[in-house]
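Have a look at query-v1.csv; it's CSV, C-alpha atoms:
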chain,number,residue,atom,x,y,z
T,1,LEU,CA,142.1,191.6,25.9
T,2,VAL,CA,144.4,193.4,23.4
T,3,SER,CA,141.6,195.7,22.3
T,4,LEU,CA,140.7,196.5,25.8
T,5,ALA,CA,144.3,197.3,26.6
T,6,VAL,CA,144.5,199.6,23.6
T,7,GLN,CA,141.3,201.5,24.5
T,8,TYR,CA,142.5,201.7,28.2
T,9,SER,CA,145.8,203.3,27.1
T,10,LEU,CA,144.1,205.7,24.7
T,11,TRP,CA,141.7,206.7,27.5
T,12,LEU,CA,144.6,207.4,29.9
T,13,LYS,CA,146.3,209.6,27.3
T,14,GLN,CA,143.3,211.8,27.3
T,15,SER,CA,144.1,212.8,30.9
T,16,PRO,CA,140.5,212.3,32.3
T,17,GLU,CA,139.4,214.6,35.0
T,18,ASN,CA,138.5,213.4,38.5
T,19,SER,CA,134.8,212.4,38.6
T,20,PHE,CA,132.6,210.5,41.0
T,21,PHE,CA,131.5,208.1,38.2
T,22,ILE,CA,135.1,207.0,37.3
T,23,ASP,CA,136.0,206.6,41.0
T,24,SER,CA,132.9,204.4,41.5
T,25,VAL,CA,133.6,202.3,38.4
T,26,TRP,CA,137.1,201.5,39.5
T,27,ALA,CA,136.0,200.7,43.1
T,28,LEU,CA,133.2,198.5,41.7
T,29,LEU,CA,135.6,196.5,39.5
T,30,MET,CA,138.0,196.0,42.4
T,31,ALA,CA,135.2,195.0,44.7
T,32,LEU,CA,133.9,192.5,42.2
T,33,ILE,CA,137.3,190.9,41.9
T,34,SER,CA,137.7,190.7,45.7
T,35,THR,CA,134.2,189.2,46.1
T,36,CYS,CA,134.8,186.6,43.5
T,37,LEU,CA,138.0,185.5,45.1
T,38,GLY,CA,138.8,184.1,48.5
T,39,HIS,CA,137.4,180.6,48.3
T,40,ILE,CA,139.0,177.6,50.0
T,41,ALA,CA,139.5,174.5,47.8
T,42,LEU,CA,138.5,171.5,49.9
T,43,TYR,CA,138.0,168.9,47.2
T,44,MET,CA,135.5,167.0,49.3
T,45,GLU,CA,132.7,164.7,48.2
T,46,GLU,CA,129.5,163.7,50.0
T,47,ALA,CA,130.9,160.4,51.3
T,48,ASP,CA,134.1,161.9,52.7
T,49,PRO,CA,132.8,162.9,56.1
T,50,PHE,CA,132.1,159.2,57.0
T,51,PHE,CA,135.8,158.4,56.4
T,52,LEU,CA,137.3,161.6,57.8
T,53,LEU,CA,135.3,161.9,61.0
T,54,PRO,CA,137.5,159.6,63.0
T,55,LEU,CA,140.6,161.5,61.6
T,56,GLU,CA,139.4,165.0,62.5
T,57,SER,CA,142.7,166.0,64.1
T,58,HIS,CA,144.5,165.1,60.9
T,59,TRP,CA,141.8,166.8,58.8
T,60,LYS,CA,142.5,170.1,60.7
T,61,GLU,CA,146.0,170.0,59.5
T,62,TYR,CA,144.8,169.4,55.9
T,63,LEU,CA,142.3,172.2,56.1
T,64,LYS,CA,145.0,174.6,57.3
T,65,ALA,CA,147.2,173.6,54.4
T,66,SER,CA,144.3,174.1,52.0
T,67,PHE,CA,143.8,177.6,53.5
T,68,LEU,CA,147.4,178.5,52.8
T,69,LYS,CA,147.3,177.0,49.3
T,70,SER,CA,144.1,178.9,48.6
T,71,LEU,CA,146.0,182.2,49.2
T,72,GLY,CA,148.1,181.9,46.1
T,73,PHE,CA,145.6,182.3,43.3
T,74,PRO,CA,143.7,185.3,44.9
T,75,LEU,CA,147.0,187.1,45.6
T,76,LEU,CA,148.0,186.6,42.0
T,77,ILE,CA,144.7,187.9,40.7
T,78,GLN,CA,144.8,190.9,43.1
T,79,SER,CA,148.3,191.6,42.0
T,80,ILE,CA,147.3,191.6,38.4
T,81,GLY,CA,144.3,193.8,39.1
T,82,VAL,CA,146.5,196.4,41.0
T,83,GLY,CA,149.1,196.1,38.3
T,84,CYS,CA,146.6,196.9,35.6
T,85,SER,CA,145.4,199.8,37.8
T,86,TYR,CA,148.9,201.2,38.2
T,87,PRO,CA,148.7,203.6,35.2
T,88,PHE,CA,145.2,204.7,36.3
T,89,LEU,CA,146.3,205.3,39.9
T,90,LYS,CA,149.5,207.1,38.9
T,91,LEU,CA,148.0,209.3,36.1
T,92,TYR,CA,144.4,209.8,37.3
T,93,ALA,CA,144.7,209.7,41.1
T,94,HIS,CA,148.3,210.9,41.2
T,95,PHE,CA,149.3,208.2,43.6
T,96,GLY,CA,152.9,207.5,44.5
T,97,ARG,CA,154.5,204.1,44.6
T,98,TRP,CA,153.9,203.7,48.4
T,99,GLU,CA,150.2,204.6,48.0
T,100,ILE,CA,149.8,202.1,45.2
T,101,LEU,CA,151.6,199.5,47.4
T,102,GLY,CA,149.0,200.4,50.0
T,103,VAL,CA,146.2,199.7,47.6
T,104,TRP,CA,147.7,196.3,46.9
T,105,GLY,CA,147.9,195.7,50.7
T,106,LEU,CA,144.3,196.7,51.0
T,107,ALA,CA,143.3,194.2,48.3
T,108,VAL,CA,145.3,191.4,50.0
T,109,GLY,CA,143.9,192.2,53.4
T,110,LEU,CA,140.3,191.9,52.0
T,111,VAL,CA,141.1,188.5,50.6
T,112,LEU,CA,142.5,187.4,54.0
T,113,VAL,CA,139.4,188.6,55.8
T,114,ARG,CA,137.2,186.6,53.4
T,115,LEU,CA,139.2,183.4,53.8
T,116,LEU,CA,139.3,183.6,57.6
T,117,ILE,CA,135.6,184.2,57.8
T,118,THR,CA,134.9,181.3,55.4
T,119,TYR,CA,137.0,179.1,57.6
T,120,ARG,CA,135.0,180.3,60.7
T,121,ARG,CA,131.8,179.4,58.8
T,122,PHE,CA,133.0,175.8,58.6
T,123,GLN,CA,133.0,175.6,62.4
T,124,LEU,CA,129.8,177.5,63.1
T,125,GLY,CA,127.8,176.0,60.2
T,126,GLN,CA,125.8,179.2,59.5
T,127,LYS,CA,124.1,178.2,56.2
T,128,THR,CA,121.8,181.2,56.0
T,129,PHE,CA,124.9,183.4,56.3
T,130,ARG,CA,126.2,182.8,52.8
T,131,SER,CA,124.3,185.4,50.7
T,132,LEU,CA,124.3,188.0,53.4
T,133,PHE,CA,128.0,187.6,53.9
T,134,SER,CA,128.8,188.0,50.2
T,135,LEU,CA,126.7,191.1,50.0
T,136,CYS,CA,128.2,192.6,53.2
T,137,TYR,CA,131.7,191.7,51.9
T,138,PHE,CA,131.0,193.4,48.6
T,139,VAL,CA,129.8,196.6,50.3
T,140,LEU,CA,132.8,196.6,52.5
T,141,SER,CA,135.2,196.1,49.6
T,142,PHE,CA,133.5,198.8,47.6
T,143,GLY,CA,133.6,201.2,50.5
T,144,MET,CA,137.3,200.6,51.2
T,145,PHE,CA,138.4,201.1,47.6
T,146,SER,CA,136.3,204.2,47.3
T,147,TRP,CA,137.7,205.6,50.5
T,148,SER,CA,141.3,204.9,49.4
T,149,LEU,CA,140.8,206.6,46.1
T,150,ARG,CA,138.9,209.7,47.2
T,151,ALA,CA,140.6,210.4,50.5
T,152,SER,CA,143.6,208.4,51.8
T,153,VAL,CA,144.7,204.8,51.5
T,154,VAL,CA,146.2,204.8,55.1
T,155,TRP,CA,142.9,204.6,57.0
T,156,PRO,CA,141.4,201.8,54.9
T,157,ASP,CA,144.6,199.8,55.3
T,158,ILE,CA,144.4,200.3,59.1
T,159,PHE,CA,140.8,199.3,59.2
T,160,VAL,CA,141.3,196.2,57.1
T,161,THR,CA,144.3,195.2,59.2
T,162,PHE,CA,142.1,195.5,62.3
T,163,LEU,CA,139.6,193.2,60.6
T,164,VAL,CA,142.3,190.6,59.7
T,165,VAL,CA,143.6,190.6,63.3
T,166,LEU,CA,140.0,190.3,64.6
T,167,ALA,CA,139.1,187.4,62.3
T,168,TRP,CA,142.4,185.7,63.1
T,169,SER,CA,141.8,185.9,66.8
T,170,GLN,CA,138.3,184.5,66.3
T,171,TRP,CA,139.7,181.6,64.3
T,172,GLN,CA,142.2,180.8,67.0
T,173,THR,CA,139.5,180.9,69.7
T,174,LEU,CA,137.1,178.6,67.8
T,175,GLU,CA,139.9,176.3,66.9
T,176,GLN,CA,140.0,175.0,70.5
T,177,GLY,CA,137.4,172.2,70.8
T,178,VAL,CA,134.9,173.4,68.2
T,179,PRO,CA,133.9,170.7,65.7
T,180,TYR,CA,133.4,171.2,62.0
T,181,ASP,CA,130.1,171.2,60.2
T,182,TRP,CA,130.9,168.5,57.6
T,183,ARG,CA,127.6,169.0,55.6
T,184,GLU,CA,128.4,172.7,55.3
T,185,MET,CA,131.9,171.9,54.0
T,186,VAL,CA,130.6,169.5,51.4
T,187,ALA,CA,127.9,171.9,50.3
T,188,TYR,CA,130.5,174.7,50.1
T,189,GLU,CA,132.9,172.7,47.9
T,190,ARG,CA,130.0,171.6,45.6
T,191,ASN,CA,128.9,175.2,45.2
T,192,ARG,CA,132.5,176.3,44.6
T,193,GLN,CA,133.0,173.8,41.8
T,194,ASP,CA,129.7,174.7,40.2
T,195,ARG,CA,130.7,178.4,40.1
T,196,ILE,CA,133.9,177.5,38.4
T,197,SER,CA,132.0,175.3,35.9
T,198,ARG,CA,129.5,178.1,35.2
T,199,LEU,CA,132.4,180.5,34.4
T,200,LEU,CA,134.3,178.0,32.2
T,201,SER,CA,131.1,177.0,30.4
T,202,LEU,CA,130.9,180.5,28.9
T,203,PHE,CA,134.1,179.8,26.9
T,204,VAL,CA,134.2,176.0,26.5
T,205,ASP,CA,131.7,173.2,26.5
T,206,LEU,CA,131.7,171.2,29.7
T,207,PRO,CA,129.7,168.2,30.9
T,208,ILE,CA,128.1,170.2,33.7
T,209,LYS,CA,125.7,168.8,36.3
T,210,LYS,CA,122.0,169.2,35.8
T,211,ARG,CA,121.4,171.8,38.5
T,212,SER,CA,124.2,174.1,37.5
T,213,ILE,CA,123.2,176.1,34.4
T,214,GLN,CA,120.8,174.0,32.2
T,215,ARG,CA,117.7,175.8,33.7
T,216,ARG,CA,118.3,179.5,33.4
T,217,LYS,CA,115.1,180.7,35.0
T,218,PHE,CA,116.0,184.3,34.8
T,219,LEU,CA,115.5,184.1,31.0
T,220,ASP,CA,112.0,182.5,31.2
T,221,ALA,CA,110.5,186.0,30.7
T,222,LEU,CA,111.7,185.8,27.1
T,223,LEU,CA,109.7,182.6,26.4
T,224,CYS,CA,106.4,183.0,24.6
T,225,SER,CA,103.8,180.3,25.2
T,226,PRO,CA,102.5,178.4,22.1
T,227,LYS,CA,99.2,180.4,22.4
T,228,GLU,CA,101.1,183.7,22.4
T,229,GLY,CA,103.5,182.8,19.7
T,230,GLY,CA,101.1,180.8,17.6
T,231,SER,CA,103.5,178.0,16.9
T,232,ILE,CA,104.7,175.1,19.0
T,233,TYR,CA,108.0,175.2,17.2
T,234,TYR,CA,108.5,178.8,18.2
T,235,PHE,CA,108.1,177.9,21.9
T,236,LEU,CA,110.3,174.8,21.5
T,237,LEU,CA,113.1,176.6,19.8
T,238,GLN,CA,113.1,179.3,22.5
T,239,ARG,CA,113.4,176.7,25.3
T,240,ILE,CA,116.2,174.8,23.5
T,241,PHE,CA,118.1,178.1,22.9
T,242,TRP,CA,117.7,180.0,26.1
T,243,ARG,CA,117.7,177.0,28.5
T,244,GLY,CA,120.1,174.6,26.7
T,245,ARG,CA,123.8,174.9,26.3
T,246,GLU,CA,124.2,173.4,22.8
T,247,VAL,CA,124.2,176.8,20.9
T,248,LEU,CA,123.7,179.6,23.4
T,249,PHE,CA,127.3,180.0,24.6
T,250,ALA,CA,128.8,179.8,21.1
T,251,TRP,CA,126.4,182.5,20.0
T,252,VAL,CA,127.2,184.7,23.0
T,253,ARG,CA,131.0,184.3,22.4
T,254,GLY,CA,130.6,185.2,18.7
T,255,GLY,CA,128.4,188.2,19.6
T,256,LEU,CA,130.8,189.5,22.2
T,257,LEU,CA,133.8,189.1,19.9
T,258,GLY,CA,132.1,190.9,17.1
T,259,GLY,CA,131.1,193.8,19.4
T,260,VAL,CA,134.8,194.2,20.5
T,261,LEU,CA,136.0,194.2,16.9
T,262,ILE,CA,133.4,196.7,15.9
T,263,PHE,CA,134.4,198.9,18.8
T,264,ILE,CA,138.1,199.0,17.8
T,265,PHE,CA,137.7,199.1,14.0
T,266,PRO,CA,137.8,202.5,12.2
T,267,LYS,CA,134.4,204.0,11.7
T,268,CYS,CA,133.7,203.6,8.0
T,269,TRP,CA,131.4,201.6,5.7
T,270,LEU,CA,133.7,198.6,5.8
T,271,THR,CA,133.0,198.3,9.5
T,272,VAL,CA,129.2,198.3,8.8
T,273,LEU,CA,129.7,195.6,6.2
T,274,PHE,CA,131.8,193.6,8.6
T,275,ALA,CA,129.0,193.9,11.3
T,276,VAL,CA,126.3,192.7,8.9
T,277,VAL,CA,128.4,189.8,7.7
T,278,TRP,CA,129.3,188.8,11.2
T,279,THR,CA,125.7,189.0,12.3
T,280,TYR,CA,124.8,186.7,9.4
T,281,LEU,CA,127.5,184.2,10.3
T,282,THR,CA,126.6,184.0,14.0
T,283,THR,CA,122.9,183.7,13.1
T,284,LEU,CA,123.7,180.7,10.9
T,285,GLN,CA,125.1,179.0,14.1
T,286,LEU,CA,121.4,178.8,15.3
T,287,PHE,CA,120.2,176.7,12.4
T,288,PRO,CA,121.3,173.3,14.0
T,289,LEU,CA,118.6,174.1,16.6
T,290,VAL,CA,116.0,173.2,14.0
T,291,LYS,CA,117.3,169.6,13.8
T,292,LEU,CA,117.0,169.4,17.6
T,293,ALA,CA,113.5,170.6,17.5
T,294,LYS,CA,112.5,168.2,14.8
T,295,GLY,CA,113.9,165.3,16.8
T,296,TYR,CA,111.4,165.5,19.6
T,297,SER,CA,109.3,162.4,19.5
T,298,LEU,CA,106.2,164.0,21.0
T,299,LEU,CA,105.9,166.2,17.9
T,300,ASN,CA,105.0,163.0,16.0
T,301,LEU,CA,101.8,162.7,18.1
T,302,TYR,CA,100.9,166.4,18.0
T,303,PRO,CA,98.8,167.6,15.1
T,304,ILE,CA,101.0,170.2,13.4
T,305,GLY,CA,100.0,171.8,10.1
T,306,ASN,CA,102.3,172.2,7.1
T,307,GLY,CA,104.6,175.1,7.2
T,308,GLU,CA,104.6,175.3,11.0
T,309,LEU,CA,108.3,174.6,11.3
T,310,GLU,CA,109.3,177.4,9.0
T,311,ARG,CA,106.9,179.8,10.6
T,312,GLY,CA,108.2,178.9,14.1
T,313,VAL,CA,111.9,179.4,13.0
T,314,ASN,CA,111.0,182.8,11.4
T,315,LEU,CA,109.4,183.9,14.6
T,316,PHE,CA,112.3,182.7,16.7
T,317,LEU,CA,115.0,184.3,14.7
T,318,TRP,CA,113.8,187.8,15.7
T,319,GLN,CA,114.9,187.3,19.3
T,320,PRO,CA,118.6,186.6,18.9
T,321,VAL,CA,119.0,188.8,15.9
T,322,ALA,CA,117.3,191.7,17.7
T,323,PHE,CA,119.7,191.3,20.7
T,324,GLN,CA,122.8,191.2,18.5
T,325,VAL,CA,121.8,194.0,16.1
T,326,GLY,CA,120.7,196.2,18.9
T,327,GLY,CA,124.0,195.7,20.7
T,328,TYR,CA,126.1,196.5,17.7
T,329,ALA,CA,124.0,199.5,16.9
T,330,CYS,CA,124.5,200.8,20.5
T,331,VAL,CA,128.3,200.3,20.1
T,332,LEU,CA,128.3,202.4,16.9
T,333,ALA,CA,126.0,205.0,18.5
T,334,TYR,CA,128.2,205.2,21.6
T,335,GLN,CA,131.1,206.2,19.4
T,336,GLN,CA,128.8,208.9,17.8
T,337,ALA,CA,128.7,207.1,14.5
T,338,PHE,CA,124.9,207.6,14.2
T,339,PHE,CA,124.8,207.4,10.4
T,340,LEU,CA,126.7,204.2,10.4
T,341,ALA,CA,124.4,202.8,13.1
T,342,GLY,CA,121.4,203.6,10.9
T,343,LEU,CA,123.1,202.1,7.9
T,344,PHE,CA,123.8,199.0,9.9
T,345,LEU,CA,120.2,198.6,11.0
T,346,CYS,CA,119.0,198.8,7.3
T,347,GLY,CA,121.6,196.3,6.3
T,348,SER,CA,120.6,194.0,9.1
T,349,LEU,CA,117.0,194.1,8.0
T,350,GLY,CA,118.1,193.1,4.5
T,351,MET,CA,120.3,190.3,5.9
T,352,LEU,CA,117.4,189.0,8.0
T,353,ALA,CA,115.1,189.0,4.9
T,354,PHE,CA,117.7,187.0,2.9
T,355,LEU,CA,117.9,184.5,5.8
T,356,LYS,CA,114.2,184.0,6.0
T,357,LYS,CA,113.3,184.0,2.3
T,358,VAL,CA,116.4,182.2,0.7
T,359,LYS,CA,118.6,180.5,3.2
T,360,LEU,CA,116.0,179.1,5.6
T,361,PRO,CA,113.8,177.4,3.0
T,362,ARG,CA,116.9,175.8,1.4
T,363,PHE,CA,118.1,174.5,4.8
T,364,LEU,CA,114.7,173.0,5.6
T,365,ALA,CA,114.4,171.4,2.2
T,366,ARG,CA,117.5,169.3,2.9
Could you render the structure from this file as structure tokens?
Amino acid sequence: LVSLAVQYSLWLKQSPENSFFIDSVWALLMALISTCLGHIALYMEEADPFFLLPLESHWKEYLKASFLKSLGFPLLIQSIGVGCSYPFLKLYAHFGRWEILGVWGLAVGLVLVRLLITYRRFQLGQKTFRSLFSLCYFVLSFGMFSWSLRASVVWPDIFVTFLVVLAWSQWQTLEQGVPYDWREMVAYERNRQDRISRLLSLFVDLPIKKRSIQRRKFLDALLCSPKEGGSIYYFLLQRIFWRGREVLFAWVRGGLLGGVLIFIFPKCWLTVLFAVVWTYLTTLQLFPLVKLAKGYSLLNLYPIGNGELERGVNLFLWQPVAFQVGGYACVLAYQQAFFLAGLFLCGSLGMLAFLKKVKLPRFLAR
């Protein structure tokens, strides 16, 4: 965060000119923040409707209180987002204090619209409405923030205020005699908690439910079958790494931290040395996967030849190392340090050869 703040301040000091790309990036970030916020914390379990159904009148009061409490965190995040955008809006867009206050009001209004429509969904129970609503809300937020930056913030504020009043009137109308969809509310709370767990699991290890993140099907394209890879250990290590959570998140955190440090360090040969050493250290974090692969009982029944484990590990290491080395080389190339990027690629090849020829055989011989 400190490094991003430093780069942000340096970029603002360069007095960037108005461009469609910069406007779109800012509107995209603000729209993403608005879309990720605006969820009502219900804290319901599957068995709760059986006990709460006779007390629906009391439950309505609890739900209203949850609605009001759920406003605090989104308002805080939106205030932080607008506060971080204050130098950008003042120096780049030349906004005054009232216009920046209008942007904050726009962000708050979008959060209110999302919360009110979510509350309405509890009463109507439109299950197929979830993905479409999130997409429409993101497009609406992106359009409003783009409009406020490129034209005037007054008309987006008026439009969002109209949406708030409309959603509020709909809520009051449906409040009279319309029952709640309890199953929808339970499913909504379960999905909300799963989203929080997915976010936190990127930074800490959590005992997450089976259906949350353990099967990352979007990474299955990286898996090579035993026939394609030529080694059952190659396929097994890939599955443990890309679908498991034992090592993947630690490797991702280490890779991202190294990329940020390389980005802010001065461009000299010491930075290249640091990048090679950091890649070596993060790759060492993958070696415990070998013990997990060797622990599968089915491999005792499968006829595997000598040297298959080492061959499978050698094949597997190319994937994470290629992602990390390619990312660090792109960071150096982005800062026009092309010679250092080429030097880093050569050093990474030497590091990988040392891992495979020296470090890995010693590790497997233990």
Open item on the list: Which residue is closest to Phe67 of chain T? Choose from T:Leu116, T:Val325, T:Leu28, T:Val165 and count all atoms listed in the file.
Closed with: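 Of the candidates, the smallest distance to Phe67 of chain T is held by T:Leu116.
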TODO: Enter the distance from atom CA of Gly102 of chain T to atom CA of Asp157 of chain T, in Å, rounded to one decimal.
DONE: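 One can read the atom CA of Gly102 of chain T to atom CA of Asp157 of chain T distance as 6.9 Å.
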Task: Atomic separation - atom CA of Leu112 of chain T relative to atom CA of Ala187 of chain T, Å - done: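 Rounded to one decimal, the two atoms are 21.6 Å apart.
Relative to atom CA of His39 of chain T, atom CA of Leu115 of chain T is found at 6.4 Å.
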Task: Residue with smallest distance to Trp242 of chain T - pool T:Cys346, T:Leu76, T:Ala167, T:Leu286, counting all atoms listed in the file - done: T:Leu286
